[in-house]
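A.B. asks: Right, I'll just put the structure down here and ask away after.
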Protein chains: 4
Amino acid sequence: MRHQIDLNSDVGESFGAYKIGLDEEVIPLISSANIACGFHAGDPMVMANTVSLAATCGVGIGAHPGLPDLMGFGRRTMDVSLEEIGHYVAYQVGALQAFARQRGFSLQHVKPHGALYNMAVKNTEISDTIARVISQLDENLILVALAGPNRDELTAISKRHGIRIAFEFFADRAYNPDGSLVNRKLPGAVLHDDETAAQRIVKLVRQGSVTAIDGTEIELEADTICVHGDNPRALSLVKRIRDSLTDSGIEISPMGVFL
Amino acid sequence: MRHQIDLNSDVGESFGAYKIGLDEEVIPLISSANIACGFHAGDPMVMANTVSLAATCGVGIGAHPGLPDLMGFGRRTMDVSLEEIGHYVAYQVGALQAFARQRGFSLQHVKPHGALYNMAVKNTEISDTIARVISQLDENLILVALAGPNRDELTAISKRHGIRIAFEFFADRAYNPDGSLVNRKLPGAVLHDDETAAQRIVKLVRQGSVTAIDGTEIELEADTICVHGDNPRALSLVKRIRDSLTDSGIEISPMGVFL
Amino acid sequence: MRHQIDLNSDVGESFGAYKIGLDEEVIPLISSANIACGFHAGDPMVMANTVSLAATCGVGIGAHPGLPDLMGFGRRTMDVSLEEIGHYVAYQVGALQAFARQRGFSLQHVKPHGALYNMAVKNTEISDTIARVISQLDENLILVALAGPNRDELTAISKRHGIRIAFEFFADRAYNPDGSLVNRKLPGAVLHDDETAAQRIVKLVRQGSVTAIDGTEIELEADTICVHGDNPRALSLVKRIRDSLTDSGIEISPMGVFL
Amino acid sequence: MRHQIDLNSDVGESFGAYKIGLDEEVIPLISSANIACGFHAGDPMVMANTVSLAATCGVGIGAHPGLPDLMGFGRRTMDVSLEEIGHYVAYQVGALQAFARQRGFSLQHVKPHGALYNMAVKNTEISDTIARVISQLDENLILVALAGPNRDELTAISKRHGIRIAFEFFADRAYNPDGSLVNRKLPGAVLHDDETAAQRIVKLVRQGSVTAIDGTEIELEADTICVHGDNPRALSLVKRIRDSLTDSGIEISPMGVFL
């Protein structure tokens, strides 16, 4: 049984005059921050401020690199090559490392964003490319990947490149019996009851299992839980999750502490 | 009398399908490469390839950060704040550091590009901001700045931030009696004779002086000479300069070697 | 004495996943919409939807072209040439015309945005360039310009190019005795009392005069009043202005109706 | 037997300081110009100059809209919706119409670029969306589409939207027996002999047939031939094609003249 879990959230997604997300409110509630790096969201001003805020809150600082598609918020699959992906990730992680280094910190983790994340779920060659780049930039960096069917292959990839990997569970998403996420377009794909979601996470942490959408009980182990902070409704779920975990004696810590 | 001088050139300015500059030909001729970082020119693919090429040629690898104006190639003055400049530079230098680190190298220097360079010449607060950022990212980084009237102030800035500074001379530009560059729009601002340009540099290195546009002999000391590699004509000047320096017993070395 | 006035507001400033402004709420309250065209804000999806909304509400549809600086929201002065300005405006106005034409409408007006607007206030050559471009694209287009010291010169420019001009008053800004806007950085530059602002506008429309920041009474004639719709506070001022105008028997109409 | 054919080429693909293509040389050799519109290539300055050059040469002026991917030159498939495609095309065509209108011209045609063109070949819903947008912007606009297996369906689409369609043949590409293009990655996909290519086009125009890569003789009718102008080698093929057509008594005319 686990005693520790990480809560991560996508932050630093504002751009210029545009604001997305309640970063000031969600960052104090989480333990790891995935900070956008200027391709799908974020800009140098936002990155600097978000790194400062995460550092102040004692939150693990992570890069959240995406596809070069600001207009589509990095959510649209693009036919990019592995070489392009590797260089895009290096560029973005390097840029964020600069803001961390300036403030006396190192990055804790890298989590691909949006379409790039989904492309990596489907194609482990992409995860392999990203893992290689990460290991070249800083071997202490942790790669965040979806807890699910590819677990063994992803573990092998991270070992091959000498880095740690953190498996991620989505707080508000239903799971298929094979451990993959239920497609967002299907009914029931997104959980809407905070209490149910929070209890599901407590069980996941304690027992390493989750009830799939068809009622099946499946084994699933996760190191970090993805939560959202883009609206007051999302914030209330994060608080509920925190409370449930704490009440159950589970400590919320940055993934780098226990991995 | 100096025995060593650096030759620097702006490279890595291609973008996507767009090619600018004869990088493969000019990089072997210089000792320091100023590599564009994706704001005014360059992209992750180009940056990776250019760092590799510079490393292969034993050339000092430098960042060439610019304003966020790809359409204007970073040549248009923009009313950006000191805070924005600092963060833009950190972002771009950090991104290039990633490509260097991946290949086992460190950056040698940072030289602002185009309008940002010219803005820094006019406003030493900008140089101060850039020097501060550089020192926070890597105290071994060298700031490249225009050899000219602000020498003492720039030296003080670099000392305050604990970094080295390299003063730069432009191979093909005429100088005013106060050591500043003759405005490009004025007649005679650009030198067109290779032999004259090459001899001027030999004299500059040996005697620390240059003949201003009005015939005055002025003291000017430079650590690095800016040359161009964007056309065959420019390449022939670089070769001539190399030959003249070598014939005079002056060694061409990356600025980091002797500063 | 006037019986009609136009209320204009900057709308369509969202971009991709980023939302700025309460367009659905402010557009029904105004008579002319300045729609961003993709350079400083806006994108094709946002433009299409905003044109549809403005058309549904019977609001005059206008282009709000800006500088190519999404990161700075078009608010940063850039050293662009008159030729560049002309082509940037043609491009953006043409793009918006397409969305209007698709829906069976024509554009009513063009109002430069942010830094471009301010640059035009300082340099009437810029207004001349924009007026020329507008007249070439559609001679029925109205140019919106600041009511103030340059009135006569701007009127001459619009006549020279055979187009109409609308002079604009800012609902929430204080004026200098010469009819120019008080610099935003100075105390008192922005009005914070709705009732005062609304009464000032009624007086402006009825008497063609306004009290300057130093108490001087100055003559100022305006065809359109610029209001904001980016927050509930701004919306309440718009409603107050509408009520005060209506109570005073002044009709709120798109500028194209009465110019 | 046909007596007229159109030669089209992608031009106006430069961007800012970046130059692609020998537009000054190829435009006088063709009869229709596909001008990039700022998404995958081109900018307002380039568009203005290219429209002027095409107009001076009496060449049909066309829009060449692409995906919003300057870094990938619009060559990378993106998962964009039909609604996004429609609005992207409207935006780009509208922008180019402005430059044409300024100079007293109308656009003749619209040809999607790169990945968008290939996506439309595979999915006729995309062609339907583009045809609808075109018809709304100017019912005299001609849609350019690949001559091949979808001919009947595309003809029906163009009729439904009340616009003309021009079927396009690629001068330097091999064809499959079903009339589709041989995948670029396969051997023999690109023709390298000018004489063979030129004679193939003369036969295509005269007899409405072409020899497929497997030696099969297939019926194929085309209204316009796509040629390239990005290097001297490509220019020499265009000249050879012109000569062969002229020698065979076939007139080279903008598609709008005979469709």
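Each chain of the structure tokens is named A, B, ... in the order shown, its residues numbered from 1; ligands are numbered from 1 in display order.
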Would you give me, as a tab-separated table, each residue of chain A having an atom within 8 Å of an atom of chain D, along with its shortest atom pair and that distance in Å to one decimal, using only C-alpha atoms and sorting by chain and residue number?
C.D. replies:
residue	atom	partner	partner_atom	distance
A:Asp69	CA	D:Asp69	CA	7.6
A:Arg76	CA	D:Asp79	CA	5.2
A:Thr77	CA	D:Asp79	CA	5.2
A:Met78	CA	D:Met78	CA	4.4
A:Asp79	CA	D:Arg76	CA	5.2
A:Val80	CA	D:Arg76	CA	6.8
A.B. asks: Atoms to include: N, CA, C and O atoms. Write the selected residues as an mmCIF file, in the first residue's frame.
C.D. replies:
data_model
loop_
_atom_site.group_PDB
_atom_site.id
_atom_site.type_symbol
_atom_site.label_atom_id
_atom_site.label_comp_id
_atom_site.auth_asym_id
_atom_site.auth_seq_id
_atom_site.Cartn_x
_atom_site.Cartn_y
_atom_site.Cartn_z
ATOM 1 N N ASP A 69 1.274 24.851 -32.189
ATOM 2 C CA ASP A 69 -0.075 25.145 -32.691
ATOM 3 C C ASP A 69 -0.833 25.937 -31.635
ATOM 4 O O ASP A 69 -1.722 25.419 -30.963
ATOM 5 N N ARG A 76 -4.515 19.537 -31.604
ATOM 6 C CA ARG A 76 -4.768 18.922 -32.904
ATOM 7 C C ARG A 76 -3.578 18.066 -33.320
ATOM 8 O O ARG A 76 -2.449 18.573 -33.429
ATOM 9 N N THR A 77 -3.839 16.801 -33.575
ATOM 10 C CA THR A 77 -2.789 15.920 -34.052
ATOM 11 C C THR A 77 -2.147 16.519 -35.302
ATOM 12 O O THR A 77 -2.845 17.034 -36.174
ATOM 13 N N MET A 78 -0.820 16.484 -35.351
ATOM 14 C CA MET A 78 -0.101 16.967 -36.536
ATOM 15 C C MET A 78 0.853 15.859 -36.971
ATOM 16 O O MET A 78 1.415 15.152 -36.127
ATOM 17 N N ASP A 79 1.066 15.788 -38.250
ATOM 18 C CA ASP A 79 1.940 14.755 -38.787
ATOM 19 C C ASP A 79 3.407 15.190 -38.688
ATOM 20 O O ASP A 79 4.045 15.496 -39.690
ATOM 21 N N VAL A 80 3.908 15.215 -37.451
ATOM 22 C CA VAL A 80 5.303 15.604 -37.235
ATOM 23 C C VAL A 80 6.176 14.350 -37.110
ATOM 24 O O VAL A 80 5.716 13.305 -36.658
#
A.B. asks: Would you pick out the contacts of segment 148-153 of chain D at 12 Å or less, using only C-alpha atoms, so that residues sharing its chain but fewer than 3 positions from it are not included, and give the list as JSON, numbers by chain?
C.D. replies: {"D": [120, 121, 122, 123, 124, 125, 127, 128, 144, 145, 156, 157, 158, 159, 160, 165, 166, 167, 168, 169, 170, 175, 176, 177, 178, 179, 180, 181, 182, 209, 210, 212, 218, 219, 220, 221, 222]}
A.B. asks: What are the DSSP strand (DSSP E or B) residues of segment 10-124 of chain C, as a VMD selection string?
C.D. replies: chain C and resid 10 to 11 15 18 32 to 36 60 to 64 78 109 to 110
A.B. asks: Which is closest to Val133 of chain C among C:Ala17, C:Val26, C:Val11, C:Ile163, if we use only C-alpha atoms?
C.D. replies: C:Ile163
A.B. asks: I'd like the neighbourhood of Cys57 of chain A as a list in words, where a residue qualifies if any of its atoms comes within 9 Å (using only C-alpha atoms), though same-chain residues fewer than 5 positions away should be ignored.
C.D. replies: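 Listed by chain and then number, they are Ile27, Pro28, Leu29, Ser31 and Ser52 of chain A.
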A.B. asks: Can you list, as a short mmCIF file (atom, residue, chain, number, x, y, z; two decimals) with C-alpha atoms, in the first residue's frame, every protein, DNA or RNA residue that comes within 7 Å of Gln102 of chain D when you count only C-alpha atoms, leaving out same-chain residues fewer than 3 positions away?
C.D. replies:
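Contents of around-v4.cif, freshly written:
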data_model
loop_
_atom_site.label_atom_id
_atom_site.label_comp_id
_atom_site.auth_asym_id
_atom_site.auth_seq_id
_atom_site.Cartn_x
_atom_site.Cartn_y
_atom_site.Cartn_z
CA GLN C 136 -9.09 51.12 -52.66
CA LEU C 137 -10.82 48.23 -50.94
CA ALA D 98 -7.97 42.71 -51.02
CA PHE D 99 -4.61 42.94 -52.78
#
A.B. asks: May I have the residues within 12 Å of Arg200 of chain D as JSON, numbers by chain, using only C-alpha atoms and disregarding those fewer than 4 positions away in the same chain?
C.D. replies: {"D": [169, 170, 171, 172, 173, 174, 175, 191, 193, 194, 195, 196, 204, 205, 206, 207, 208, 209, 210, 211, 212, 217, 220, 225, 240, 241, 244, 245]}
A.B. asks: Rounded to one decimal, what separation in Å do you get between atom CA of Val202 of chain C and atom CA of Asn118 of chain C?
C.D. replies: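 A separation of 25.7 Å between them.
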A.B. asks: Just checking: using only C-alpha atoms, which residue out of A:Phe105, A:Ala198, A:Pro112, A:Ala234 ends up closest to Val93 of chain A?
C.D. replies: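 For Val93 of chain A, the nearest of the candidates is A:Pro112.
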A.B. asks: Tell me, as a list of chain:residue names, which residues lie within 7 Å of segment 35-45 of chain B, counting only C-alpha atoms; anything in the same chain fewer than 5 positions away does not count.
C.D. replies: A:Glu84, A:His87, A:Tyr88, A:Tyr91, B:Asp10, B:Val11, B:Gly12, B:Glu13, B:Ser14, B:Phe15, B:Gly16, B:Gly62, B:Ala63, B:His64, B:Pro65, B:Gly66, B:Leu67, B:Pro68, B:Asp69, B:Leu70, B:Phe73, B:Gly74, B:Gln92, B:Leu96
A.B. asks: Go ahead and write the selection's residues with N, CA, C and O atoms as a short mmCIF file (atom, residue, chain, number, x, y, z; two decimals), in the first residue's frame.
C.D. replies:
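Resulting contents of out-v8.cif:
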data_model
loop_
_atom_site.label_atom_id
_atom_site.label_comp_id
_atom_site.auth_asym_id
_atom_site.auth_seq_id
_atom_site.Cartn_x
_atom_site.Cartn_y
_atom_site.Cartn_z
N GLU A 84 11.41 15.84 -35.45
CA GLU A 84 10.79 17.11 -35.09
C GLU A 84 10.33 17.09 -33.63
O GLU A 84 10.56 18.05 -32.87
N HIS A 87 13.23 17.51 -31.24
CA HIS A 87 13.78 18.88 -31.19
C HIS A 87 12.78 19.86 -30.57
O HIS A 87 13.18 20.80 -29.88
N TYR A 88 11.50 19.66 -30.83
CA TYR A 88 10.48 20.54 -30.22
C TYR A 88 10.51 20.40 -28.69
O TYR A 88 10.36 21.38 -27.96
N TYR A 91 13.75 22.00 -27.23
CA TYR A 91 13.62 23.46 -27.25
C TYR A 91 12.79 23.96 -26.07
O TYR A 91 13.21 24.85 -25.32
N ASP B 10 26.58 35.56 -37.72
CA ASP B 10 25.19 35.17 -37.42
C ASP B 10 24.81 33.99 -38.30
O ASP B 10 24.82 34.10 -39.54
N VAL B 11 24.46 32.89 -37.70
CA VAL B 11 24.11 31.68 -38.46
C VAL B 11 22.84 31.06 -37.88
O VAL B 11 22.25 31.58 -36.95
N GLY B 12 22.42 29.95 -38.49
CA GLY B 12 21.21 29.27 -38.00
C GLY B 12 19.97 30.12 -38.19
O GLY B 12 19.03 30.07 -37.41
N GLU B 13 19.96 30.93 -39.24
CA GLU B 13 18.84 31.86 -39.46
C GLU B 13 17.79 31.29 -40.41
O GLU B 13 16.85 31.99 -40.80
N SER B 14 17.94 30.04 -40.81
CA SER B 14 16.90 29.42 -41.63
C SER B 14 15.67 29.15 -40.76
O SER B 14 15.73 29.25 -39.53
N PHE B 15 14.56 28.86 -41.41
CA PHE B 15 13.31 28.58 -40.68
C PHE B 15 12.43 27.69 -41.53
O PHE B 15 12.05 28.06 -42.63
N GLY B 16 12.11 26.52 -41.01
CA GLY B 16 11.26 25.59 -41.76
C GLY B 16 11.82 25.34 -43.14
O GLY B 16 12.98 24.96 -43.30
N GLY B 62 27.23 30.17 -29.67
CA GLY B 62 26.60 31.28 -28.97
C GLY B 62 25.14 31.44 -29.32
O GLY B 62 24.69 31.04 -30.40
N ALA B 63 24.39 32.04 -28.41
CA ALA B 63 22.98 32.33 -28.65
C ALA B 63 22.83 33.72 -29.26
O ALA B 63 23.56 34.65 -28.89
N HIS B 64 21.89 33.85 -30.16
CA HIS B 64 21.65 35.11 -30.87
C HIS B 64 20.17 35.47 -30.69
O HIS B 64 19.39 35.42 -31.64
N PRO B 65 19.78 35.81 -29.46
CA PRO B 65 18.36 36.06 -29.21
C PRO B 65 17.88 37.35 -29.85
O PRO B 65 18.63 38.32 -29.93
N GLY B 66 16.63 37.35 -30.29
CA GLY B 66 16.07 38.52 -30.95
C GLY B 66 14.68 38.85 -30.44
O GLY B 66 14.16 38.18 -29.55
N LEU B 67 14.08 39.87 -31.04
CA LEU B 67 12.71 40.23 -30.69
C LEU B 67 11.74 39.23 -31.33
O LEU B 67 12.06 38.62 -32.35
N PRO B 68 10.55 39.09 -30.76
CA PRO B 68 9.57 38.14 -31.31
C PRO B 68 8.91 38.70 -32.56
O PRO B 68 7.77 39.13 -32.53
N ASP B 69 9.64 38.70 -33.66
CA ASP B 69 9.16 39.33 -34.90
C ASP B 69 9.77 38.61 -36.09
O ASP B 69 10.66 39.13 -36.76
N LEU B 70 9.26 37.42 -36.35
CA LEU B 70 9.76 36.62 -37.47
C LEU B 70 9.53 37.33 -38.81
O LEU B 70 10.38 37.31 -39.69
N PHE B 73 12.15 39.78 -39.19
CA PHE B 73 13.50 39.24 -38.95
C PHE B 73 14.16 39.91 -37.75
O PHE B 73 15.39 40.03 -37.70
N GLY B 74 13.37 40.36 -36.80
CA GLY B 74 13.92 40.96 -35.59
C GLY B 74 14.63 42.28 -35.82
O GLY B 74 15.41 42.73 -34.98
N GLN B 92 15.14 32.18 -24.92
CA GLN B 92 15.89 31.80 -26.12
C GLN B 92 17.24 31.17 -25.79
O GLN B 92 17.65 30.19 -26.40
N LEU B 96 18.50 27.25 -26.60
CA LEU B 96 19.73 26.86 -27.29
C LEU B 96 20.65 26.04 -26.39
O LEU B 96 21.32 25.12 -26.85
#
A.B. asks: DSSP on the backbone, alpha helix (DSSP H) only: what residues of segment 110-232 of chain C does that give? Format it as an MDAnalysis selection string.
C.D. replies: chainID C and resid 114:122 124:137 151:160 194:207 232
